[in-house]
$ cat data25.cif   # mmCIF, C-alpha atoms
data_target
loop_
_atom_site.label_atom_id
_atom_site.label_comp_id
_atom_site.auth_asym_id
_atom_site.auth_seq_id
_atom_site.Cartn_x
_atom_site.Cartn_y
_atom_site.Cartn_z
CA MET A 227 -9.71 -0.70 -29.32
CA GLU A 228 -12.88 -1.94 -27.64
CA LYS A 229 -16.34 -1.15 -28.95
CA VAL A 230 -18.75 0.75 -26.71
CA TYR A 231 -22.36 0.65 -27.91
CA PHE A 232 -24.58 3.64 -27.17
CA THR A 233 -28.29 4.31 -27.54
CA ARG A 234 -30.34 7.33 -26.54
CA ASP A 235 -33.34 5.01 -26.16
CA ILE A 236 -33.61 4.63 -22.37
CA SER A 237 -36.13 1.81 -22.42
CA ALA A 238 -36.39 -1.95 -22.17
CA ARG A 239 -35.97 -2.16 -25.95
CA GLY A 240 -32.85 0.02 -25.90
CA LEU A 241 -31.32 -2.03 -23.10
CA GLN A 242 -32.00 -5.35 -24.80
CA ASN A 243 -30.66 -4.12 -28.14
CA LEU A 244 -27.30 -3.25 -26.59
CA PHE A 245 -27.19 -6.48 -24.61
CA TYR A 246 -27.57 -8.58 -27.75
CA LEU A 247 -25.03 -6.49 -29.68
CA LEU A 248 -22.37 -7.57 -27.18
CA GLY A 249 -22.74 -11.09 -28.51
CA LYS A 250 -22.67 -12.85 -25.15
CA LYS A 251 -25.05 -15.43 -23.78
CA PRO A 252 -24.55 -15.67 -19.99
CA LYS A 253 -24.23 -19.29 -18.96
CA GLY A 254 -25.72 -21.22 -16.08
CA LYS A 255 -27.30 -19.37 -13.19
CA VAL A 256 -27.24 -15.63 -13.95
CA ALA A 257 -26.83 -12.87 -11.35
CA ILE A 258 -28.20 -9.42 -12.21
CA LYS A 259 -26.18 -6.86 -10.23
CA LEU A 260 -27.76 -3.46 -9.76
CA HIS A 261 -28.61 -1.03 -6.95
CA PHE A 262 -32.12 -1.20 -5.45
CA GLY A 263 -31.94 2.42 -4.27
CA GLU A 264 -31.98 3.89 -0.78
CA PRO A 265 -35.44 4.76 0.62
CA GLY A 266 -36.08 8.41 -0.25
CA ASN A 267 -33.89 8.30 -3.37
CA PRO A 268 -35.92 8.30 -6.63
CA ASN A 269 -32.97 8.02 -9.02
CA PHE A 270 -32.35 4.25 -9.13
CA ILE A 271 -32.82 2.26 -12.33
CA ASP A 272 -36.43 1.72 -13.41
CA PRO A 273 -37.17 -1.93 -12.55
CA GLU A 274 -39.58 -2.25 -15.49
CA MET A 275 -36.86 -1.19 -17.92
CA VAL A 276 -34.72 -4.19 -16.96
CA ARG A 277 -37.61 -6.62 -16.52
CA PRO A 278 -37.71 -8.17 -20.04
CA LEU A 279 -33.96 -8.81 -20.03
CA VAL A 280 -33.99 -10.22 -16.49
CA GLU A 281 -36.90 -12.53 -17.24
CA SER A 282 -35.39 -13.69 -20.55
CA LEU A 283 -32.19 -14.68 -18.71
CA LYS A 284 -34.11 -16.17 -15.76
CA GLY A 285 -31.86 -13.93 -13.70
CA THR A 286 -31.66 -13.30 -9.97
CA PHE A 287 -31.17 -9.80 -8.57
CA VAL A 288 -28.13 -9.69 -6.28
CA GLU A 289 -26.86 -7.12 -3.80
CA THR A 290 -24.95 -6.97 -0.50
CA ASN A 291 -25.86 -5.37 2.81
CA VAL A 292 -24.61 -1.96 3.93
CA TYR A 293 -23.88 -0.45 7.36
CA TYR A 294 -26.80 1.93 7.73
CA GLY A 295 -30.57 2.04 7.38
CA PRO A 296 -32.96 -0.67 6.21
CA ARG A 297 -30.50 -2.04 3.65
CA SER A 298 -28.19 -3.11 6.50
CA LYS A 299 -30.18 -6.29 7.19
CA THR A 300 -31.18 -8.90 4.64
CA LYS A 301 -34.90 -8.98 5.51
CA THR A 302 -35.42 -5.22 5.29
CA HIS A 303 -33.05 -4.92 2.33
CA ILE A 304 -35.27 -7.29 0.37
CA GLU A 305 -38.33 -5.33 1.53
CA VAL A 306 -36.80 -2.14 0.09
CA ALA A 307 -36.08 -3.93 -3.20
CA LYS A 308 -39.69 -5.09 -3.44
CA GLU A 309 -41.06 -1.66 -2.48
CA HIS A 310 -38.97 -0.20 -5.31
CA GLY A 311 -40.45 -2.63 -7.84
CA PHE A 312 -37.83 -5.40 -8.13
CA GLY A 313 -39.97 -8.17 -6.62
CA TYR A 314 -40.82 -9.83 -9.94
CA ALA A 315 -37.53 -11.82 -9.89
CA PRO A 316 -35.70 -13.69 -7.12
CA ILE A 317 -33.58 -11.47 -4.84
CA ASP A 318 -30.37 -12.72 -3.22
CA ILE A 319 -28.41 -10.71 -0.66
CA LEU A 320 -25.00 -12.22 -1.27
CA ASP A 321 -23.45 -11.63 2.15
CA ASP A 322 -26.39 -12.86 4.21
CA GLN A 323 -24.12 -15.70 5.39
CA GLY A 324 -20.92 -13.66 5.45
CA SER A 325 -17.84 -13.34 3.25
CA VAL A 326 -15.75 -15.38 0.87
CA VAL A 327 -12.05 -14.59 0.47
CA ILE A 328 -11.08 -13.83 -3.15
CA PRO A 329 -7.48 -13.04 -4.23
CA VAL A 330 -6.65 -9.60 -5.58
CA ASN A 331 -4.16 -10.31 -8.37
CA GLY A 332 -1.71 -7.52 -9.13
CA GLY A 333 -2.96 -5.10 -6.50
CA LYS A 334 -0.74 -3.02 -4.25
CA ARG A 335 -3.25 -2.36 -1.46
CA PHE A 336 -4.94 -5.75 -0.87
CA ARG A 337 -3.90 -9.38 -1.09
CA TYR A 338 -7.52 -10.50 -0.99
CA ALA A 339 -11.04 -9.10 -1.06
CA LEU A 340 -13.99 -10.03 1.16
CA LEU A 341 -16.93 -10.50 -1.18
CA GLY A 342 -20.42 -11.78 -0.42
CA GLU A 343 -20.17 -15.55 -0.05
CA GLY A 344 -23.17 -15.99 -2.34
CA ILE A 345 -21.16 -15.17 -5.47
CA ASN A 346 -20.40 -18.88 -5.70
CA ARG A 347 -24.07 -19.57 -6.42
CA TYR A 348 -23.79 -17.96 -9.86
CA ASP A 349 -22.01 -18.88 -13.08
CA SER A 350 -22.24 -15.46 -14.74
CA MET A 351 -23.20 -11.89 -13.93
CA VAL A 352 -24.82 -8.96 -15.73
CA SER A 353 -23.80 -5.61 -14.23
CA ILE A 354 -26.43 -2.94 -14.89
CA ALA A 355 -25.03 0.17 -13.26
CA HIS A 356 -26.86 3.46 -12.81
CA PHE A 357 -24.14 5.96 -13.69
CA LYS A 358 -24.20 9.10 -11.50
CA GLY A 359 -22.02 11.17 -9.21
CA HIS A 360 -20.58 9.99 -5.92
CA MET A 361 -19.53 11.96 -2.87
CA MET A 362 -16.27 10.02 -2.41
CA ALA A 363 -15.41 8.50 -5.80
CA GLY A 364 -16.54 11.40 -8.00
CA PHE A 365 -18.70 9.05 -10.05
CA GLY A 366 -20.30 5.68 -9.55
CA GLY A 367 -20.56 3.33 -12.52
CA THR A 368 -19.55 -0.20 -13.38
CA PHE A 369 -16.71 -0.41 -10.86
CA LYS A 370 -18.61 0.80 -7.84
CA ASN A 371 -21.31 -1.70 -8.84
CA MET A 372 -18.73 -4.49 -9.09
CA ALA A 373 -16.72 -3.52 -5.99
CA ILE A 374 -18.68 -2.02 -3.10
CA GLY A 375 -21.81 -3.57 -4.57
CA ILE A 376 -20.41 -7.12 -4.25
CA ALA A 377 -18.22 -6.62 -1.18
CA SER A 378 -19.59 -8.08 2.04
CA ARG A 379 -20.19 -5.75 4.97
CA ASP A 380 -16.68 -6.56 6.23
CA GLY A 381 -15.34 -5.96 2.73
CA LYS A 382 -17.00 -2.57 2.61
CA LEU A 383 -15.10 -1.64 5.76
CA GLN A 384 -11.86 -2.51 3.99
CA VAL A 385 -12.76 -0.46 0.91
CA HIS A 386 -13.61 2.56 3.03
CA HIS A 387 -10.90 2.27 5.70
CA GLY A 388 -8.11 0.14 4.25
CA PRO A 389 -6.96 -3.48 4.81
CA LYS A 390 -7.48 -3.32 8.60
CA GLY A 391 -11.06 -2.12 8.14
CA SER A 392 -10.76 0.52 10.83
CA GLY A 393 -9.71 4.12 11.33
CA GLU A 394 -10.75 7.19 9.40
CA PHE A 395 -12.64 7.07 6.12
CA LEU A 396 -10.25 7.14 3.18
CA GLY A 397 -10.71 9.52 0.29
CA GLY A 398 -9.01 10.52 -2.92
CA LYS A 399 -6.69 8.14 -4.71
CA GLU A 400 -6.45 5.69 -1.79
CA PHE A 401 -10.20 5.08 -1.80
CA LEU A 402 -10.35 4.87 -5.59
CA GLU A 403 -7.57 2.28 -5.67
CA ASN A 404 -9.43 0.22 -3.06
CA VAL A 405 -12.53 0.28 -5.27
CA ALA A 406 -10.42 -0.72 -8.26
CA GLU A 407 -8.79 -3.67 -6.50
CA TYR A 408 -12.07 -4.99 -5.11
CA SER A 409 -13.69 -4.77 -8.53
CA LYS A 410 -10.73 -6.61 -10.06
CA ALA A 411 -11.22 -9.45 -7.56
CA ALA A 412 -14.87 -9.79 -8.60
CA ILE A 413 -14.11 -9.56 -12.32
CA ASP A 414 -11.30 -12.12 -12.06
CA TYR A 415 -13.57 -14.44 -10.08
CA TYR A 416 -16.13 -14.72 -12.89
CA GLY A 417 -13.85 -13.96 -15.86
CA LYS A 418 -14.74 -11.38 -18.49
CA ASP A 419 -16.32 -14.03 -20.75
CA ASN A 420 -18.95 -14.58 -18.05
CA LEU A 421 -19.65 -10.89 -17.40
CA VAL A 422 -21.79 -8.29 -19.16
CA PHE A 423 -21.34 -4.57 -18.46
CA ILE A 424 -24.10 -1.99 -19.00
CA ASN A 425 -24.37 1.64 -17.80
CA VAL A 426 -27.61 3.63 -17.67
CA LEU A 427 -27.02 7.40 -17.86
CA ASN A 428 -30.22 9.00 -16.59
CA ASN A 429 -31.28 10.81 -13.42
CA LEU A 430 -27.74 12.18 -13.35
CA SER A 431 -27.50 13.48 -9.81
CA VAL A 432 -24.14 14.38 -8.27
CA ASP A 433 -25.08 11.95 -5.48
CA CYS A 434 -25.14 8.18 -5.25
CA ASP A 435 -28.30 6.03 -5.17
CA CYS A 436 -27.25 5.15 -1.61
CA ASP A 437 -28.05 8.74 -0.51
CA GLY A 438 -31.55 9.06 0.93
CA HIS A 439 -31.61 12.81 0.18
CA PRO A 440 -29.77 13.30 -3.12
CA HIS A 441 -29.43 16.51 -5.08
CA ALA A 442 -31.92 16.63 -7.92
CA PRO A 443 -30.40 15.95 -11.37
CA GLU A 444 -29.39 19.19 -13.09
CA MET A 445 -28.69 17.84 -16.56
CA GLU A 446 -30.63 15.90 -19.16
CA ASP A 447 -30.64 12.13 -19.48
CA ILE A 448 -28.09 10.79 -21.98
CA GLY A 449 -28.75 7.11 -22.77
CA ILE A 450 -27.54 3.56 -22.22
CA LEU A 451 -24.05 2.21 -22.95
CA ALA A 452 -22.69 -1.34 -23.04
CA SER A 453 -19.29 -2.88 -23.67
CA ASN A 454 -17.23 -6.00 -23.08
CA ASP A 455 -14.53 -3.70 -21.64
CA PRO A 456 -15.64 -2.13 -18.34
CA VAL A 457 -12.87 0.49 -18.36
CA ALA A 458 -13.82 1.67 -21.84
CA LEU A 459 -17.47 1.68 -20.75
CA ASP A 460 -16.95 3.99 -17.77
CA LYS A 461 -14.57 6.22 -19.76
CA ALA A 462 -17.13 6.61 -22.55
CA SER A 463 -19.80 7.39 -19.95
CA VAL A 464 -17.70 10.18 -18.43
CA ASP A 465 -16.83 11.54 -21.88
CA LEU A 466 -20.51 11.79 -22.84
CA ILE A 467 -21.23 13.64 -19.60
CA ARG A 468 -18.39 16.08 -20.33
CA LYS A 469 -19.91 16.81 -23.75
CA ALA A 470 -23.48 17.24 -22.46
CA PRO A 471 -25.14 20.57 -21.60
CA ASN A 472 -25.78 21.64 -18.00
CA ASN A 473 -23.06 19.31 -16.77
CA TYR A 474 -21.15 21.74 -14.56
CA HIS A 475 -21.95 20.31 -11.14
CA LEU A 476 -21.47 16.65 -12.08
CA VAL A 477 -18.19 17.31 -13.89
CA LYS A 478 -17.03 19.40 -10.92
CA ARG A 479 -17.84 16.50 -8.57
CA ILE A 480 -15.91 14.02 -10.75
CA ASP A 481 -12.83 16.22 -11.00
CA GLU A 482 -12.78 17.44 -7.40
CA LYS A 483 -12.73 13.82 -6.20
CA GLU A 484 -10.03 12.83 -8.72
CA GLY A 485 -12.48 10.32 -10.17
CA MET A 486 -10.49 9.59 -13.32
CA HIS A 487 -7.67 8.07 -11.24
CA LEU A 488 -9.93 5.05 -10.82
CA LEU A 489 -9.78 4.32 -14.56
CA ASP A 490 -6.07 5.09 -14.77
CA TYR A 491 -5.37 2.56 -12.02
CA LEU A 492 -7.68 -0.08 -13.51
CA GLU A 493 -5.93 0.32 -16.86
CA GLU A 494 -2.58 -0.02 -15.09
CA MET A 495 -3.79 -3.32 -13.56
CA GLY A 496 -4.83 -4.62 -16.97
CA ILE A 497 -8.61 -4.69 -16.47
CA GLY A 498 -9.25 -2.80 -19.70
CA SER A 499 -8.40 0.20 -21.84
CA GLN A 500 -9.61 3.80 -21.94
CA ASP A 501 -9.27 3.73 -25.75
CA TYR A 502 -12.60 2.89 -27.33
CA GLU A 503 -14.80 3.25 -30.38
CA LEU A 504 -18.25 4.66 -29.61
CA ILE A 505 -20.94 3.14 -31.83
CA GLU A 506 -24.28 4.90 -31.59
CA ILE A 507 -27.33 2.73 -32.28
CA GLU A 508 -30.46 4.40 -33.63
#

$ encode --input "data25.cif" --output "structure tokens"
Amino acid sequence: MEKVYFTRDISARGLQNLFYLLGKKPKGKVAIKLHFGEPGNPNFIDPEMVRPLVESLKGTFVETNVYYGPRSKTKTHIEVAKEHGFGYAPIDILDDQGSVVIPVNGGKRFRYALLGEGINRYDSMVSIAHFKGHMMAGFGGTFKNMAIGIASRDGKLQVHHGPKGSGEFLGGKEFLENVAEYSKAAIDYYGKDNLVFINVLNNLSVDCDCDGHPHAPEMEDIGILASNDPVALDKASVDLIRKAPNNYHLVKRIDEKEGMHLLDYLEEMGIGSQDYELIEIE
């Protein structure tokens, strides 16, 4: 049973405390994977909250381009990141030069994933995911951060449309399994020993940080969680949301989109376990 550490202290101190409790020291060149936020969306992670950890690791912020708006091109994507306060550390858009082909081991939907070619510039990665709702996946946490967030633009087409990257947008279990398999490719590429997983549960909108006009959060902030098991981490995050007051709309979004199938499928593929011990840190 994997440990999931939890603090209600949503601050730089709280984040660093959990990071050090995991007992990992990322090696070599360290990528910091988070979402810079879509222009118009105020819910993304506070850049100053992660600043002490990023600077202590000499980390580089990494992201990949999308298919709409200013984050679709590297130059304007970096401009958005700087406008949102992330300019104090280097910023690397991983698919600026295209894709790298990474095997998907044990998947039933993909033989390989198209990830940003820049992943090979880094020896380890710290995933700091803003946990929230998502219009297609039900919720977005560690695995959306490690799948769509690392997929190249061509890879994003595969996640949303299937292996051919064309046709109608997928939804439900098909889409969730695509997310799972892409995240497995990224996790296998680095290896769990070279990955750190952190979720920040605040600004809990039913909508993703990629939405320029999200619904305002309707429930209170919860805290920060961290674990060496990403499945346990996302499961614990959902469980805390289910126990929280004023959670109706976010829980409804998760369940209507069959969001928990993502964790069931990841567990089936051997990425981690939904059994965990929650350890709250004062």

$ residues_near_point --input "data25.cif" --point "(-27.6, -5.3, -27.9)" --cutoff "12 Å" --atoms "all atoms listed in the file" --output "PyMOL selection string"
chain A and resi 230-233+235+238-251+279+422-424+450-454+505-508

$ write_last_selection --input "data25.cif" --atoms "C-alpha atoms" --output "JSON list (two decimals), in the coordinates of the input"
[["chain", "number", "residue", "atom", "x", "y", "z"],
["A", 230, "VAL", "CA", -18.75, 0.75, -26.71],
["A", 231, "TYR", "CA", -22.36, 0.65, -27.91],
["A", 232, "PHE", "CA", -24.58, 3.64, -27.17],
["A", 233, "THR", "CA", -28.29, 4.31, -27.54],
["A", 235, "ASP", "CA", -33.34, 5.01, -26.16],
["A", 238, "ALA", "CA", -36.39, -1.95, -22.17],
["A", 239, "ARG", "CA", -35.97, -2.16, -25.95],
["A", 240, "GLY", "CA", -32.85, 0.02, -25.90],
["A", 241, "LEU", "CA", -31.32, -2.03, -23.10],
["A", 242, "GLN", "CA", -32.00, -5.35, -24.80],
["A", 243, "ASN", "CA", -30.66, -4.12, -28.14],
["A", 244, "LEU", "CA", -27.30, -3.25, -26.59],
["A", 245, "PHE", "CA", -27.19, -6.48, -24.61],
["A", 246, "TYR", "CA", -27.57, -8.58, -27.75],
["A", 247, "LEU", "CA", -25.03, -6.49, -29.68],
["A", 248, "LEU", "CA", -22.37, -7.57, -27.18],
["A", 249, "GLY", "CA", -22.74, -11.09, -28.51],
["A", 250, "LYS", "CA", -22.67, -12.85, -25.15],
["A", 251, "LYS", "CA", -25.05, -15.43, -23.78],
["A", 279, "LEU", "CA", -33.96, -8.81, -20.03],
["A", 422, "VAL", "CA", -21.79, -8.29, -19.16],
["A", 423, "PHE", "CA", -21.34, -4.57, -18.46],
["A", 424, "ILE", "CA", -24.10, -1.99, -19.00],
["A", 450, "ILE", "CA", -27.54, 3.56, -22.22],
["A", 451, "LEU", "CA", -24.05, 2.21, -22.95],
["A", 452, "ALA", "CA", -22.69, -1.34, -23.04],
["A", 453, "SER", "CA", -19.29, -2.88, -23.67],
["A", 454, "ASN", "CA", -17.23, -6.00, -23.08],
["A", 505, "ILE", "CA", -20.94, 3.14, -31.83],
["A", 506, "GLU", "CA", -24.28, 4.90, -31.59],
["A", 507, "ILE", "CA", -27.33, 2.73, -32.28],
["A", 508, "GLU", "CA", -30.46, 4.40, -33.63]]

$ atom_distance --input "data25.cif" --atom1 "CA of Leu383 (chain A)" --atom2 "CA of Leu396 (chain A)"
10.4 Å

$ resolve_selection --input "data25.cif" --expression "the PyMOL selection byres ((chain A and resi 354-371) around 7)" --output "ChimeraX atom specification"
/A:259-260,270-271,352-353,372-375,397,402,405-406,409,423-427,430-434,456,460,476,479-481,483-485

$ resolve_selection --input "data25.cif" --expression "the PyMOL selection byres ((chain A and resi 290-303) around 7)" --output "PDB file with C-alpha atoms, in the coordinates of the input"
ATOM      1  CA  GLU A 289     -26.860  -7.120  -3.800  1.00  0.00           C
ATOM      2  CA  ILE A 304     -35.270  -7.290   0.370  1.00  0.00           C
ATOM      3  CA  GLU A 305     -38.330  -5.330   1.530  1.00  0.00           C
ATOM      4  CA  VAL A 306     -36.800  -2.140   0.090  1.00  0.00           C
ATOM      5  CA  ALA A 307     -36.080  -3.930  -3.200  1.00  0.00           C
ATOM      6  CA  ILE A 319     -28.410 -10.710  -0.660  1.00  0.00           C
ATOM      7  CA  LEU A 320     -25.000 -12.220  -1.270  1.00  0.00           C
ATOM      8  CA  ASP A 321     -23.450 -11.630   2.150  1.00  0.00           C
ATOM      9  CA  ASP A 322     -26.390 -12.860   4.210  1.00  0.00           C
ATOM     10  CA  GLY A 342     -20.420 -11.780  -0.420  1.00  0.00           C
ATOM     11  CA  GLY A 375     -21.810  -3.570  -4.570  1.00  0.00           C
ATOM     12  CA  ILE A 376     -20.410  -7.120  -4.250  1.00  0.00           C
ATOM     13  CA  ALA A 377     -18.220  -6.620  -1.180  1.00  0.00           C
ATOM     14  CA  SER A 378     -19.590  -8.080   2.040  1.00  0.00           C
ATOM     15  CA  ARG A 379     -20.190  -5.750   4.970  1.00  0.00           C
TER      16      ARG A 379
END

$ atom_distance --input "data25.cif" --atom1 "CA of Glu228 (chain A)" --atom2 "CA of Leu504 (chain A)"
8.7 Å

$ closest_residue --input "data25.cif" --among "A:Ser350, A:Asn473, A:Asn267, A:Gly381" --to "Ser325 (chain A)" --atoms "all atoms listed in the file"
A:Gly381

$ residues_around --input "data25.cif" --residues "region 492-494 of chain A" --least-positions-apart "2" --cutoff "9 Å" --atoms "all atoms listed in the file" --output "list in words"
Glu403, Ala406, Glu407, Lys410, Val457, His487, Leu488, Leu489, Asp490, Gly496, Ile497, Gly498, Ser499 and Gln500 of chain A

$ residues_around --input "data25.cif" --residues "region 311-313 of chain A" --least-positions-apart "3" --cutoff "10 Å" --atoms "only C-alpha atoms" --output "compact mmCIF listing (two decimals) with C-alpha atoms, in the coordinates of the input"
# COMPACT_ATOMS: atom_id res chain seq x y z
CA PHE A 262 -32.12 -1.20 -5.45
CA ASP A 272 -36.43 1.72 -13.41
CA PRO A 273 -37.17 -1.93 -12.55
CA GLU A 274 -39.58 -2.25 -15.49
CA VAL A 276 -34.72 -4.19 -16.96
CA ARG A 277 -37.61 -6.62 -16.52
CA PHE A 287 -31.17 -9.80 -8.57
CA ILE A 304 -35.27 -7.29 0.37
CA GLU A 305 -38.33 -5.33 1.53
CA VAL A 306 -36.80 -2.14 0.09
CA ALA A 307 -36.08 -3.93 -3.20
CA LYS A 308 -39.69 -5.09 -3.44
CA PRO A 316 -35.70 -13.69 -7.12
CA ILE A 317 -33.58 -11.47 -4.84

$ closest_residue --input "data25.cif" --among "A:Ser392, A:Ser463, A:Asn429, A:Asn331" --to "Ala411 (chain A)" --atoms "all atoms listed in the file"
A:Asn331

$ atom_distance --input "data25.cif" --atom1 "CA of Leu283 (chain A)" --atom2 "CA of Asp349 (chain A)"
12.4 Å

$ closest_residue --input "data25.cif" --among "A:Asp465, A:Ala412, A:Glu446, A:Pro268" --to "Ile328 (chain A)" --atoms "only C-alpha atoms"
A:Ala412
